[in-house]
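Quick look at start-v2.cif (mmCIF, C-alpha atoms and all ligand atoms):
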```cif
data_my_file
loop_
_atom_site.label_atom_id
_atom_site.label_comp_id
_atom_site.auth_asym_id
_atom_site.auth_seq_id
_atom_site.Cartn_x
_atom_site.Cartn_y
_atom_site.Cartn_z
CA MET A 1 0.00 0.00 0.00
CA ARG A 2 1.19 3.47 -0.79
CA VAL A 3 0.43 6.26 1.71
CA ILE A 4 -0.56 9.62 0.28
CA ASP A 5 -0.32 12.51 2.70
CA MET A 6 -2.67 15.45 2.60
CA ARG A 7 -1.25 18.52 4.32
CA GLY A 8 -4.58 19.53 5.81
CA GLU A 9 -8.21 18.46 6.09
CA THR A 10 -9.14 20.64 3.12
CA ASP A 11 -5.93 20.33 1.14
CA TRP A 12 -7.71 20.84 -2.15
CA ASP A 13 -4.60 21.81 -4.11
CA GLY A 14 -2.69 18.85 -2.69
CA TRP A 15 -5.47 16.38 -3.43
CA ARG A 16 -5.89 17.65 -6.98
CA ALA A 17 -2.17 17.51 -7.70
CA GLN A 18 -1.85 14.03 -6.24
CA ALA A 19 -4.96 12.71 -7.93
CA ARG A 20 -3.81 14.01 -11.29
CA ALA A 21 -0.31 12.58 -10.95
CA LEU A 22 -1.54 9.22 -9.66
CA VAL A 23 -4.18 8.81 -12.35
CA LEU A 24 -1.70 9.66 -15.08
CA ALA A 25 0.80 7.22 -13.57
CA GLY A 26 -1.90 4.52 -13.64
CA VAL A 27 -1.94 3.95 -9.87
CA PRO A 28 -5.18 2.09 -9.03
CA PRO A 29 -7.30 3.34 -6.11
CA GLU A 30 -7.14 0.09 -4.18
CA THR A 31 -3.36 0.42 -3.76
CA LEU A 32 -3.59 3.76 -1.95
CA VAL A 33 -4.16 4.91 1.63
CA TRP A 34 -4.92 8.61 2.06
CA THR A 35 -4.03 10.32 5.33
CA VAL A 36 -3.84 13.84 6.71
CA ASN A 37 -0.34 14.75 7.79
CA PRO A 38 0.34 18.48 8.17
CA ALA A 39 4.06 17.77 8.66
CA ALA A 40 4.31 16.04 5.29
CA ALA A 41 6.58 17.47 2.66
CA PRO A 42 4.82 19.05 -0.33
CA PRO A 43 4.00 16.42 -2.94
CA PRO A 44 6.66 15.92 -5.61
CA PRO A 45 5.80 17.45 -8.97
CA PRO A 46 3.85 15.03 -11.14
CA GLN A 47 6.11 12.68 -13.06
CA ALA A 48 3.61 11.37 -15.53
CA GLU A 49 2.58 13.44 -18.53
CA GLY A 50 -0.62 13.12 -20.44
CA ARG A 51 -4.09 14.48 -20.90
CA PHE A 52 -6.18 14.55 -17.78
CA ALA A 53 -9.64 16.02 -17.89
CA VAL A 54 -12.68 15.38 -15.77
CA SER A 55 -16.02 17.12 -15.95
CA ARG A 56 -16.66 20.43 -14.21
CA ALA A 57 -19.53 18.80 -12.35
CA LEU A 58 -17.19 16.22 -10.85
CA VAL A 59 -14.67 18.89 -9.85
CA ALA A 60 -17.44 20.95 -8.21
CA LEU A 61 -18.71 17.88 -6.37
CA ALA A 62 -15.21 16.99 -5.20
CA ALA A 63 -14.53 20.57 -4.01
CA GLN A 64 -17.56 20.33 -1.72
CA ALA A 65 -17.23 16.71 -0.62
CA ILE A 66 -13.58 17.23 0.36
CA GLN A 67 -14.85 19.53 3.13
CA ALA A 68 -16.75 16.64 4.76
CA ARG A 69 -15.62 15.27 8.09
CA ALA A 70 -15.20 11.79 6.63
CA PRO A 71 -11.73 10.23 6.50
CA GLU A 72 -12.64 8.12 3.47
CA ARG A 73 -13.41 11.13 1.28
CA PHE A 74 -9.98 11.49 -0.37
CA GLY A 75 -9.99 7.87 -1.54
CA LEU A 76 -13.65 7.99 -2.51
CA LEU A 77 -13.10 11.05 -4.69
CA TYR A 78 -9.98 9.50 -6.19
CA ARG A 79 -12.04 6.43 -7.18
CA LEU A 80 -14.52 8.69 -8.98
CA VAL A 81 -11.73 10.56 -10.77
CA TRP A 82 -10.01 7.27 -11.68
CA ARG A 83 -13.17 5.95 -13.28
CA ALA A 84 -13.93 9.25 -15.02
CA HIS A 85 -10.44 9.29 -16.50
CA ALA A 86 -11.04 5.78 -17.80
CA GLY A 87 -14.00 7.17 -19.73
CA GLU A 88 -16.88 6.17 -17.44
CA ALA A 89 -19.76 8.67 -17.20
CA VAL A 90 -19.51 8.64 -13.41
CA MET A 91 -21.72 11.66 -12.89
CA GLU A 92 -24.52 10.02 -14.84
CA ASP A 93 -24.67 6.93 -12.69
CA PRO A 94 -26.67 8.04 -9.64
CA GLY A 95 -27.11 4.45 -8.49
CA HIS A 96 -23.38 3.95 -8.06
CA PRO A 97 -22.54 3.88 -4.34
CA ASP A 98 -19.46 6.12 -4.75
CA LEU A 99 -21.41 8.87 -6.46
CA ALA A 100 -24.28 8.56 -3.98
CA GLN A 101 -21.85 8.82 -1.07
CA ALA A 102 -19.96 11.79 -2.55
CA ARG A 103 -23.27 13.57 -3.12
CA SER A 104 -24.42 12.91 0.38
CA LEU A 105 -21.11 14.26 1.77
CA ALA A 106 -21.46 17.37 -0.40
CA LEU A 107 -25.02 17.84 0.84
CA ALA A 108 -23.88 17.63 4.46
CA VAL A 109 -21.19 20.22 3.69
CA ARG A 110 -23.68 22.60 2.09
CA ALA A 111 -26.05 22.21 5.03
CA GLU A 112 -23.27 22.94 7.51
CA ALA A 113 -22.12 25.96 5.52
CA HIS A 114 -25.66 27.29 5.69
CA ARG A 115 -25.84 26.57 9.41
CA MET A 116 -22.53 28.27 10.08
CA ARG A 117 -23.61 31.35 8.21
CA ALA A 118 -26.85 31.51 10.13
CA LEU A 119 -25.47 30.75 13.59
CA LEU A 120 -22.10 32.42 13.64
CA ARG A 121 -22.29 35.48 15.78
CA TYR A 122 -19.69 38.03 16.67
CA LEU A 123 -18.72 40.07 19.65
CA PRO A 124 -16.34 42.99 19.66
CA ALA A 125 -12.83 42.33 20.95
CA ALA A 126 -11.94 44.24 24.12
CA ASP A 127 -10.26 47.05 22.19
CA GLY A 128 -13.27 47.33 19.87
CA ALA A 129 -11.02 47.08 16.84
CA ARG A 130 -12.14 43.63 15.70
CA LEU A 131 -15.19 41.39 15.67
CA LEU A 132 -14.59 37.91 17.07
CA GLY A 133 -16.64 34.89 16.09
CA TRP A 134 -16.41 31.39 17.55
CA TYR A 135 -17.85 28.34 15.86
CA ALA A 136 -17.19 24.59 15.93
CA PRO A 137 -18.14 23.41 12.44
CA ALA A 138 -19.49 19.91 12.00
CA GLN A 139 -17.72 19.78 8.60
CA PHE A 140 -14.53 21.49 7.43
CA VAL A 141 -16.36 24.50 6.04
CA LEU A 142 -14.36 27.40 7.44
CA GLU A 143 -12.05 28.02 4.50
CA ALA A 144 -14.60 27.90 1.71
CA ASN A 145 -16.97 30.17 3.64
CA ALA A 146 -14.63 32.63 5.34
CA GLN A 147 -14.60 35.03 2.42
CA VAL A 148 -18.38 35.10 2.24
CA LEU A 149 -18.71 35.54 6.00
CA ALA A 150 -16.16 38.33 6.10
CA ARG A 151 -17.93 40.12 3.26
CA TRP A 152 -20.90 40.66 5.54
CA TYR A 153 -18.90 43.19 7.51
CA PRO A 154 -16.41 44.41 4.95
CA ASP A 155 -15.45 47.46 6.99
CA PHE A 156 -14.64 45.56 10.18
CA ALA A 157 -11.60 43.46 10.95
CA VAL A 158 -13.15 40.05 11.63
CA SER A 159 -11.66 36.86 13.07
CA ILE A 160 -13.49 33.56 13.08
CA LEU A 161 -11.95 31.06 15.49
CA THR A 162 -12.68 27.34 15.34
CA PRO A 163 -11.19 24.21 16.92
CA GLU A 164 -9.51 23.40 13.60
CA GLY A 165 -8.27 26.73 12.36
CA SER A 166 -8.97 30.41 12.28
CA ALA A 167 -9.77 32.91 9.54
CA HIS A 168 -8.93 36.60 9.70
CA TRP A 169 -10.39 39.27 7.48
CA GLU A 170 -8.28 42.40 7.08
CA PRO A 171 -10.42 45.10 5.45
CA ALA A 172 -7.48 47.32 4.52
CA ALA A 173 -5.87 44.49 2.55
CA ALA A 174 -9.27 43.11 1.45
CA ARG A 175 -8.19 39.54 2.05
CA VAL A 176 -8.72 36.61 4.34
CA ARG A 177 -5.78 34.89 6.02
CA PHE A 178 -5.94 31.50 7.67
CA GLY A 179 -4.24 30.64 10.92
CA PRO A 180 -3.95 28.22 13.80
CA ALA A 181 -6.75 26.41 15.61
CA VAL A 182 -7.99 27.42 19.04
CA ASP A 183 -8.50 24.87 21.82
CA PRO A 184 -12.22 24.99 22.72
CA ALA A 185 -11.35 24.35 26.38
CA LEU A 186 -9.63 27.75 26.46
CA VAL A 187 -12.69 29.68 25.25
CA PRO A 188 -15.71 28.18 27.03
CA ASP A 189 -17.65 31.45 26.89
CA ASP A 190 -17.60 34.95 25.45
CA ALA A 191 -15.58 36.46 28.29
CA ALA A 192 -12.92 33.76 27.88
CA LEU A 193 -12.89 34.28 24.12
CA ARG A 194 -12.24 37.98 24.59
CA ALA A 195 -9.54 37.32 27.17
CA TYR A 196 -7.98 34.72 24.88
CA TRP A 197 -7.94 37.21 22.02
CA SER A 198 -6.36 39.93 24.18
CA GLU A 199 -3.55 37.55 25.08
CA PHE A 200 -3.03 35.51 21.92
CA GLY A 201 -4.78 37.40 19.13
CA ALA A 202 -1.61 39.04 17.88
CA ASP A 203 0.12 35.63 17.74
CA LEU A 204 -2.78 34.12 15.80
CA LEU A 205 -2.64 36.95 13.30
CA ALA A 206 1.13 36.71 12.97
CA ALA A 207 0.90 32.97 12.32
CA SER A 208 -1.78 33.29 9.68
CA THR A 209 -1.03 33.05 6.01
CA ALA A 210 -2.84 33.69 2.76
CA GLY A 211 -5.19 30.93 2.26
CA THR A 212 -6.78 28.38 0.24
CA SER A 213 -7.79 27.76 -3.28
CA LEU A 214 -10.98 26.01 -2.22
CA PRO A 215 -13.76 27.49 -4.29
CA GLU A 216 -16.08 29.69 -2.29
CA ALA A 217 -19.24 27.98 -1.23
CA GLU A 218 -22.50 28.78 -2.94
CA THR A 219 -25.74 28.83 -1.05
CA PHE A 220 -29.19 29.37 -2.29
CA GLU A 221 -28.89 33.10 -1.69
CA GLU A 222 -25.63 33.46 -3.55
CA ALA A 223 -26.79 31.23 -6.34
CA ARG A 224 -29.75 33.39 -7.17
CA ARG A 225 -27.92 36.72 -7.31
CA PRO A 226 -27.73 37.83 -10.95
CA PRO A 227 -24.12 37.33 -12.02
CA ASP A 228 -23.68 40.86 -13.27
CA ARG A 229 -24.62 42.42 -9.94
CA PRO A 230 -21.89 42.92 -7.36
CA ALA A 231 -22.50 41.77 -3.81
CA LEU A 232 -24.21 44.45 -1.79
CA GLY A 233 -21.67 46.33 0.23
CA PRO A 234 -22.33 47.78 3.64
CA VAL A 235 -25.15 50.21 3.90
CA VAL A 236 -23.93 53.76 3.73
CA LEU A 237 -25.58 55.48 6.65
CA GLY A 238 -27.55 58.45 5.46
CA GLY A 239 -26.22 57.56 2.04
CA TYR A 240 -28.58 59.96 0.35
CA GLY A 241 -28.30 63.07 2.45
CA ALA A 242 -26.97 64.13 5.83
CA PRO A 243 -28.69 62.47 8.79
CA ASP A 244 -31.82 64.21 9.97
CA PRO A 245 -30.70 66.20 13.07
CA ALA A 246 -33.92 65.52 14.98
CA LEU A 247 -33.69 61.78 14.38
CA ALA A 248 -29.99 61.81 15.20
CA ALA A 249 -30.85 63.51 18.51
CA ALA A 250 -33.60 60.95 19.16
CA ALA A 251 -31.14 58.13 18.47
CA ARG A 252 -28.73 59.59 21.03
CA GLU A 253 -31.51 59.80 23.60
CA ALA A 254 -32.70 56.29 22.83
CA ALA A 255 -29.18 55.04 23.49
CA ALA A 256 -29.82 55.76 27.18
CA CYS A 257 -33.40 54.45 27.16
CA ARG A 258 -34.43 52.47 30.25
CA ARG A 259 -38.16 52.36 29.55
CA CYS A 260 -38.25 48.58 29.78
CA PRO A 261 -36.03 45.87 31.25
CA LEU A 262 -34.64 44.80 27.85
CA SER A 263 -31.98 47.51 27.96
CA ALA A 264 -30.11 45.88 30.86
CA PRO A 265 -28.79 42.69 29.24
CA ALA A 266 -28.57 44.17 25.72
CA THR A 267 -25.32 45.57 24.39
CA GLN A 268 -26.88 48.73 23.00
CA THR A 269 -29.99 50.36 21.57
CA VAL A 270 -30.39 49.73 17.86
CA PHE A 271 -32.17 52.76 16.46
CA GLY A 272 -33.57 52.99 12.94
CA GLU A 273 -31.35 54.18 10.13
CA GLY A 274 -31.75 55.74 6.74
CA PRO A 275 -31.73 59.05 4.96
CA PRO A 276 -33.86 62.07 5.83
CA GLY A 277 -36.91 62.22 3.64
CA ALA A 278 -37.13 58.43 3.20
CA ARG A 279 -40.56 57.68 1.69
CA VAL A 280 -40.57 54.04 2.77
CA MET A 281 -40.04 52.70 6.26
CA PHE A 282 -39.37 49.04 6.97
CA ILE A 283 -40.29 47.84 10.44
CA GLY A 284 -38.98 44.54 11.81
CA GLU A 285 -39.58 42.93 15.17
CA GLN A 286 -36.55 43.75 17.28
CA ALA A 287 -32.80 44.04 17.03
CA GLY A 288 -31.27 40.59 16.60
CA ASP A 289 -28.11 39.10 18.01
CA GLN A 290 -25.76 40.60 15.41
CA GLU A 291 -27.63 43.90 15.36
CA ASP A 292 -27.14 44.14 19.12
CA VAL A 293 -23.39 43.76 18.70
CA ILE A 294 -22.96 45.96 15.64
CA GLY A 295 -25.54 48.56 16.63
CA ARG A 296 -27.41 48.72 13.31
CA PRO A 297 -30.73 47.18 12.25
CA PHE A 298 -30.90 44.21 9.89
CA VAL A 299 -27.23 43.49 9.42
CA GLY A 300 -27.26 39.81 10.49
CA PRO A 301 -28.46 36.82 8.46
CA ALA A 302 -32.05 38.12 8.15
CA GLY A 303 -30.68 41.50 7.11
CA GLN A 304 -28.48 39.93 4.47
CA LEU A 305 -31.50 38.21 3.03
CA LEU A 306 -33.49 41.43 3.18
CA ASP A 307 -30.68 43.23 1.31
CA ARG A 308 -30.72 40.69 -1.45
CA ALA A 309 -34.49 40.76 -1.79
CA LEU A 310 -34.51 44.57 -1.82
CA GLU A 311 -31.93 44.56 -4.54
CA GLU A 312 -33.97 42.10 -6.59
CA ALA A 313 -37.10 44.19 -6.12
CA GLY A 314 -35.22 47.29 -7.28
CA ILE A 315 -35.28 49.04 -3.90
CA ASP A 316 -32.13 50.84 -2.82
CA ARG A 317 -31.61 50.17 0.88
CA ARG A 318 -29.85 53.51 1.22
CA ALA A 319 -33.03 55.30 0.22
CA VAL A 320 -35.33 53.75 2.83
CA TRP A 321 -35.64 53.88 6.61
CA ILE A 322 -35.04 50.57 8.36
CA SER A 323 -36.17 50.12 11.91
CA ASN A 324 -37.73 47.78 14.44
CA ALA A 325 -40.75 47.77 16.72
CA VAL A 326 -38.40 47.08 19.65
CA LYS A 327 -34.94 48.56 19.72
CA HIS A 328 -33.21 46.19 22.08
CA PHE A 329 -32.38 42.53 21.58
CA LYS A 330 -34.46 40.26 23.82
CA PHE A 331 -32.75 36.95 24.42
CA VAL A 332 -32.15 34.11 26.80
CA ALA A 333 -28.54 32.97 27.25
CA ARG A 334 -27.83 29.29 26.57
CA GLY A 335 -24.14 28.71 27.07
CA ARG A 336 -22.33 30.79 24.53
CA ARG A 337 -25.46 31.37 22.45
CA ARG A 338 -28.12 34.01 22.94
CA LEU A 339 -31.48 32.72 21.85
CA HIS A 340 -34.02 35.15 20.43
CA GLN A 341 -37.18 35.73 22.48
CA THR A 342 -40.28 37.36 21.07
CA PRO A 343 -40.97 40.72 22.76
CA VAL A 344 -44.20 40.99 24.73
CA GLY A 345 -46.84 43.72 24.95
CA PRO A 346 -45.27 45.96 27.65
CA GLU A 347 -41.88 45.88 25.90
CA ILE A 348 -43.49 46.81 22.59
CA GLU A 349 -45.52 49.54 24.25
CA ALA A 350 -42.45 50.99 25.98
CA CYS A 351 -40.63 51.15 22.67
CA ARG A 352 -43.57 52.52 20.71
CA PHE A 353 -42.43 55.98 21.79
CA TRP A 354 -39.31 55.68 19.58
CA LEU A 355 -41.18 54.19 16.65
CA ASP A 356 -43.63 57.07 16.83
CA VAL A 357 -40.75 59.56 16.88
CA GLU A 358 -39.44 57.97 13.68
CA ARG A 359 -42.85 57.92 12.01
CA VAL A 360 -43.77 61.46 12.95
CA ARG A 361 -40.45 62.87 11.89
CA LEU A 362 -40.24 60.99 8.59
CA ARG A 363 -43.93 60.89 7.65
CA PRO A 364 -43.23 58.10 5.15
CA ASP A 365 -45.71 57.18 2.44
CA VAL A 366 -45.31 53.44 2.93
CA LEU A 367 -44.74 51.33 6.03
CA VAL A 368 -43.54 47.80 5.35
CA LEU A 369 -44.46 45.57 8.27
CA LEU A 370 -42.06 42.66 8.39
CA GLY A 371 -43.76 39.84 10.28
CA ALA A 372 -46.42 39.52 12.95
CA THR A 373 -44.86 41.64 15.71
CA ALA A 374 -44.36 44.66 13.45
CA ALA A 375 -47.85 44.23 11.97
CA ARG A 376 -49.48 43.93 15.36
CA THR A 377 -47.54 46.90 16.71
CA VAL A 378 -48.58 49.22 13.90
CA LEU A 379 -52.09 47.93 13.17
CA GLY A 380 -52.99 47.51 16.84
CA ARG A 381 -54.55 44.08 16.41
CA PRO A 382 -53.40 40.49 15.88
CA VAL A 383 -52.48 39.87 12.24
CA THR A 384 -52.34 36.62 10.28
CA ILE A 385 -49.62 37.27 7.77
CA GLY A 386 -50.86 34.75 5.20
CA ARG A 387 -54.28 36.44 5.10
CA GLU A 388 -53.14 40.05 4.97
CA ARG A 389 -49.83 40.09 3.16
CA GLY A 390 -49.43 42.13 0.02
CA ARG A 391 -52.68 44.09 0.55
CA PRO A 392 -52.24 47.86 0.99
CA ILE A 393 -53.84 49.09 4.22
CA ARG A 394 -54.57 52.78 4.64
CA LEU A 395 -53.64 54.03 8.14
CA PRO A 396 -55.34 56.90 9.96
CA ALA A 397 -52.16 59.02 9.76
CA GLY A 398 -52.28 58.77 5.97
CA GLU A 399 -49.51 56.22 5.46
CA THR A 400 -50.07 53.02 3.51
CA ALA A 401 -49.04 49.86 5.32
CA LEU A 402 -48.08 46.62 3.62
CA VAL A 403 -47.76 43.43 5.62
CA THR A 404 -45.29 40.74 4.57
CA VAL A 405 -43.25 37.96 6.15
CA HIS A 406 -40.21 38.59 8.29
CA PRO A 407 -37.02 37.64 6.42
CA SER A 408 -35.96 35.34 9.27
CA PHE A 409 -38.99 33.21 8.41
CA LEU A 410 -37.38 32.56 5.02
CA LEU A 411 -34.21 31.37 6.74
CA ARG A 412 -36.20 28.82 8.69
CA VAL A 413 -38.06 27.18 5.77
CA PRO A 414 -36.56 23.70 5.89
CA ASP A 415 -36.58 22.59 2.25
CA GLU A 416 -34.89 24.31 -0.62
CA ALA A 417 -37.91 24.37 -2.93
CA GLY A 418 -40.12 25.87 -0.23
CA ARG A 419 -37.46 28.43 0.60
CA ALA A 420 -37.16 29.48 -3.03
CA ARG A 421 -40.96 29.78 -3.29
CA GLU A 422 -41.26 31.87 -0.15
CA TYR A 423 -38.34 34.04 -1.17
CA ALA A 424 -39.98 34.73 -4.55
CA ALA A 425 -43.24 35.68 -2.79
CA PHE A 426 -41.29 38.02 -0.50
CA VAL A 427 -39.61 39.70 -3.48
CA ALA A 428 -43.03 40.04 -5.11
CA ASP A 429 -44.30 41.85 -1.98
CA LEU A 430 -41.29 44.16 -2.11
CA ARG A 431 -42.02 44.92 -5.75
CA LEU A 432 -45.49 46.02 -4.61
CA VAL A 433 -43.77 48.29 -2.11
CA ALA A 434 -41.64 49.76 -4.89
CA GLY A 435 -44.81 50.38 -6.91
CA LEU A 436 -46.59 52.03 -3.99
CA ALA A 437 -43.58 54.21 -3.27
CA ALA A 438 -43.29 55.26 -6.89
CA ALA A 439 -46.96 56.25 -6.87
CA GLY A 440 -46.48 58.21 -3.63
CA ALA A 441 -48.89 55.66 -2.13
CA ALA A 442 -51.67 58.13 -2.72
N1 LIG B 1 -34.76 40.87 12.97
C1 LIG B 1 -35.43 42.02 13.14
O1 LIG B 1 -36.65 42.03 13.27
N2 LIG B 1 -34.75 43.16 13.11
C2 LIG B 1 -33.44 43.22 12.94
O2 LIG B 1 -32.88 44.31 12.95
C3 LIG B 1 -32.76 42.00 12.77
C4 LIG B 1 -33.43 40.83 12.79
#
```

Please lay out the structure from this file as structure tokens.
Amino acid sequence: MRVIDMRGETDWDGWRAQARALVLAGVPPETLVWTVNPAAAPPPPPQAEGRFAVSRALVALAAQAIQARAPERFGLLYRLVWRAHAGEAVMEDPGHPDLAQARSLALAVRAEAHRMRALLRYLPAADGARLLGWYAPAQFVLEANAQVLARWYPDFAVSILTPEGSAHWEPAAARVRFGPAVDPALVPDDAALRAYWSEFGADLLAASTAGTSLPEAETFEEARRPPDRPALGPVVLGGYGAPDPALAAAAREAAACRRCPLSAPATQTVFGEGPPGARVMFIGEQAGDQEDVIGRPFVGPAGQLLDRALEEAGIDRRAVWISNAVKHFKFVARGRRRLHQTPVGPEIEACRFWLDVERVRLRPDVLVLLGATAARTVLGRPVTIGRERGRPIRLPAGETALVTVHPSFLLRVPDEAGRAREYAAFVADLRLVAGLAAAGAA
């Protein structure tokens, strides 16, 4: 048996180089044992010459499946490549156990990438100069997803620490570097993570190097973005005009708000944002976990989805006001995670003061009520979203309200087809909003 060393769990370059050389040298899969050995010397340059081509679909499958936490994956993928090189249509043989297994590994990787994107949350490092995220991925998905994750906060230095490696986004250099792992026992909670970073962060950064050639992961959101559109960058605060001074003053006052008990455990008040004179106001439920840390509404996973849907509906986020019924994050702590809790009547009533300040000052034409809490807060009665969505409702103050789902609902739809359907319905509601706004919602 010949032992082939991979230099890391996601040594995509190494696996490709080895697989190519071995196939061309005619080395059959059953004579090989694949192992991970970071101390191994780089593989020798391929000796054998010849034409080696496998389908794009197989390469894409291999690039995902190699991220699976399954020791047999290197050999499994080599078997597929070996057969493909011999002329077999391996990708057209769904009944073959190797293809079925590779597909199931790739599926597990995609699911974990999605989960990581949804669950990863950040807290500011003690000096405030960097956001720190901790996550223990069930598959080896850090490298392929780090770029996408970092892009969410392109203006912040971001480090994602995991038990198998770390990724560090440096906005000035616009690149991700990959570095050493962090022992989970050393960072059992947020306070320990911060302390760990204060002591060892500089070492982790110094030890990190430019990364990986693993293709970036695609998720359903990325896949549906039209290819000619760039990713949405960060929202430019007051992008279309200087901030309204009265709203800026209200935001400063709200920062010290103690009208309800939610302010105590929260990191900060998350006031609405947008330009003066915004004709459309989006109202969500409450600041979420990421919003609480960053201090801006709809910047976490639900906000990312909202951004994409707005873009598809032709609505410029910089031209609208984005806010919440409740301006603090309500949560219950479960270990290192903070689980969202729905705000109750008194909390909503206490915060109504700030929502009214925003509404009175802006006098928008259209209010978009994202989900049941926002709808109930503004309409003053229980609302069944399915029954009332997409139907303009004239409010006593002259605004037109439109009820739709909350974007976090879309993140929770379990199956891909259902998610795509609900997303399309959400975009359709936003197109109605664009139409109402264009007509001045008269
Ligand atoms: N969910 C909300 O309702 N608002 C936010 O700002 C984020 C998530």

Counting all atoms listed in the file, select every polymer residue within 9 Å of (-33.3, 58.3, 16.9) as defined in the file's coordinates, and provide the selection as a CSV table (one decimal) with C-alpha atoms, in the coordinates of the input.
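Writing the result to point-v1.csv gives the following:
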```csv
chain,number,residue,atom,x,y,z
A,246,ALA,CA,-33.9,65.5,15.0
A,247,LEU,CA,-33.7,61.8,14.4
A,248,ALA,CA,-30.0,61.8,15.2
A,249,ALA,CA,-30.8,63.5,18.5
A,250,ALA,CA,-33.6,61.0,19.2
A,251,ALA,CA,-31.1,58.1,18.5
A,252,ARG,CA,-28.7,59.6,21.0
A,253,GLU,CA,-31.5,59.8,23.6
A,254,ALA,CA,-32.7,56.3,22.8
A,255,ALA,CA,-29.2,55.0,23.5
A,271,PHE,CA,-32.2,52.8,16.5
A,272,GLY,CA,-33.6,53.0,12.9
A,273,GLU,CA,-31.4,54.2,10.1
A,354,TRP,CA,-39.3,55.7,19.6
A,355,LEU,CA,-41.2,54.2,16.6
A,357,VAL,CA,-40.8,59.6,16.9
A,358,GLU,CA,-39.4,58.0,13.7
```

Review point. Using only C-alpha atoms, which of the listed residues (A:Leu149, A:Pro171, A:Arg177, A:Val182) sits closest to A:Ala136?
Key: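 Looking only at the distances to A:Ala136, the closest residue turns out to be A:Val182.
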
Check your understanding: Given the choices A:Ile283, A:Leu339, A:Ile66, A:Val158, which gets closest to A:Leu369 if the distance is worked out from all atoms listed in the file?
Key ->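 Between A:Ile283, A:Leu339, A:Ile66, A:Val158, the residue approaching A:Leu369 most closely is A:Ile283.
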
Exercise for review: List every protein, DNA or RNA residue that has an atom no more than 12 Å from (-25.4, 44.0, 21.5) in the file's coordinate frame, counting only C-alpha atoms, and report them as a PyMOL selection string.
Suggested key: chain A and resi 121-124+255+262-270+286-297+300+327-331+338

Serialized selection, C-alpha atoms, as a PDB file, in the coordinates of the input:
```
ATOM      1  CA  ARG A 121     -22.290  35.480  15.780  1.00  0.00           C
ATOM      2  CA  TYR A 122     -19.690  38.030  16.670  1.00  0.00           C
ATOM      3  CA  LEU A 123     -18.720  40.070  19.650  1.00  0.00           C
ATOM      4  CA  PRO A 124     -16.340  42.990  19.660  1.00  0.00           C
ATOM      5  CA  ALA A 255     -29.180  55.040  23.490  1.00  0.00           C
ATOM      6  CA  LEU A 262     -34.640  44.800  27.850  1.00  0.00           C
ATOM      7  CA  SER A 263     -31.980  47.510  27.960  1.00  0.00           C
ATOM      8  CA  ALA A 264     -30.110  45.880  30.860  1.00  0.00           C
ATOM      9  CA  PRO A 265     -28.790  42.690  29.240  1.00  0.00           C
ATOM     10  CA  ALA A 266     -28.570  44.170  25.720  1.00  0.00           C
ATOM     11  CA  THR A 267     -25.320  45.570  24.390  1.00  0.00           C
ATOM     12  CA  GLN A 268     -26.880  48.730  23.000  1.00  0.00           C
ATOM     13  CA  THR A 269     -29.990  50.360  21.570  1.00  0.00           C
ATOM     14  CA  VAL A 270     -30.390  49.730  17.860  1.00  0.00           C
ATOM     15  CA  GLN A 286     -36.550  43.750  17.280  1.00  0.00           C
ATOM     16  CA  ALA A 287     -32.800  44.040  17.030  1.00  0.00           C
ATOM     17  CA  GLY A 288     -31.270  40.590  16.600  1.00  0.00           C
ATOM     18  CA  ASP A 289     -28.110  39.100  18.010  1.00  0.00           C
ATOM     19  CA  GLN A 290     -25.760  40.600  15.410  1.00  0.00           C
ATOM     20  CA  GLU A 291     -27.630  43.900  15.360  1.00  0.00           C
ATOM     21  CA  ASP A 292     -27.140  44.140  19.120  1.00  0.00           C
ATOM     22  CA  VAL A 293     -23.390  43.760  18.700  1.00  0.00           C
ATOM     23  CA  ILE A 294     -22.960  45.960  15.640  1.00  0.00           C
ATOM     24  CA  GLY A 295     -25.540  48.560  16.630  1.00  0.00           C
ATOM     25  CA  ARG A 296     -27.410  48.720  13.310  1.00  0.00           C
ATOM     26  CA  PRO A 297     -30.730  47.180  12.250  1.00  0.00           C
ATOM     27  CA  GLY A 300     -27.260  39.810  10.490  1.00  0.00           C
ATOM     28  CA  LYS A 327     -34.940  48.560  19.720  1.00  0.00           C
ATOM     29  CA  HIS A 328     -33.210  46.190  22.080  1.00  0.00           C
ATOM     30  CA  PHE A 329     -32.380  42.530  21.580  1.00  0.00           C
ATOM     31  CA  LYS A 330     -34.460  40.260  23.820  1.00  0.00           C
ATOM     32  CA  PHE A 331     -32.750  36.950  24.420  1.00  0.00           C
ATOM     33  CA  ARG A 338     -28.120  34.010  22.940  1.00  0.00           C
TER      34      ARG A 338
END
```

Exercise for review: Quote the spacing between atom CA of A:Pro29 and atom CA of A:Leu76 in Å to one decimal place.
Suggested key: 8.7 Å

What box, with edges along x, y and z, holds each listed atom of ligand LIG 1 (chain B) when 5 Å is added on every side, and can you state its centre and edge lengths in Å to one decimal, as JSON?
```
{"center_x": -34.7, "center_y": 42.6, "center_z": 13.0, "size_x": 13.9, "size_y": 13.5, "size_z": 10.5}
```

Point to revise | Selected residue of minimal separation from ligand LIG 1 (chain B) among A:Thr10, A:Gln341, A:Thr377, A:Ser408, counting only C-alpha atoms and all ligand atoms | key: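 Of all the options, A:Ser408 lies closest to ligand LIG 1 (chain B).
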
Exercise for review: Name all residues at most 8 Å from A:Asp5 (count all atoms listed in the file; drop same-chain ones fewer than 5 positions away) and give them as a PyMOL selection string.
Suggested key: chain A and resi 34-37+40

Practice item. Point out the residue among A:Val368, A:Arg117, A:Pro396, A:Pro382 with the least atom-to-atom distance to A:Leu305, counting only C-alpha atoms. Key: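 Using only C-alpha atoms, A:Leu305 sits closest to A:Arg117.
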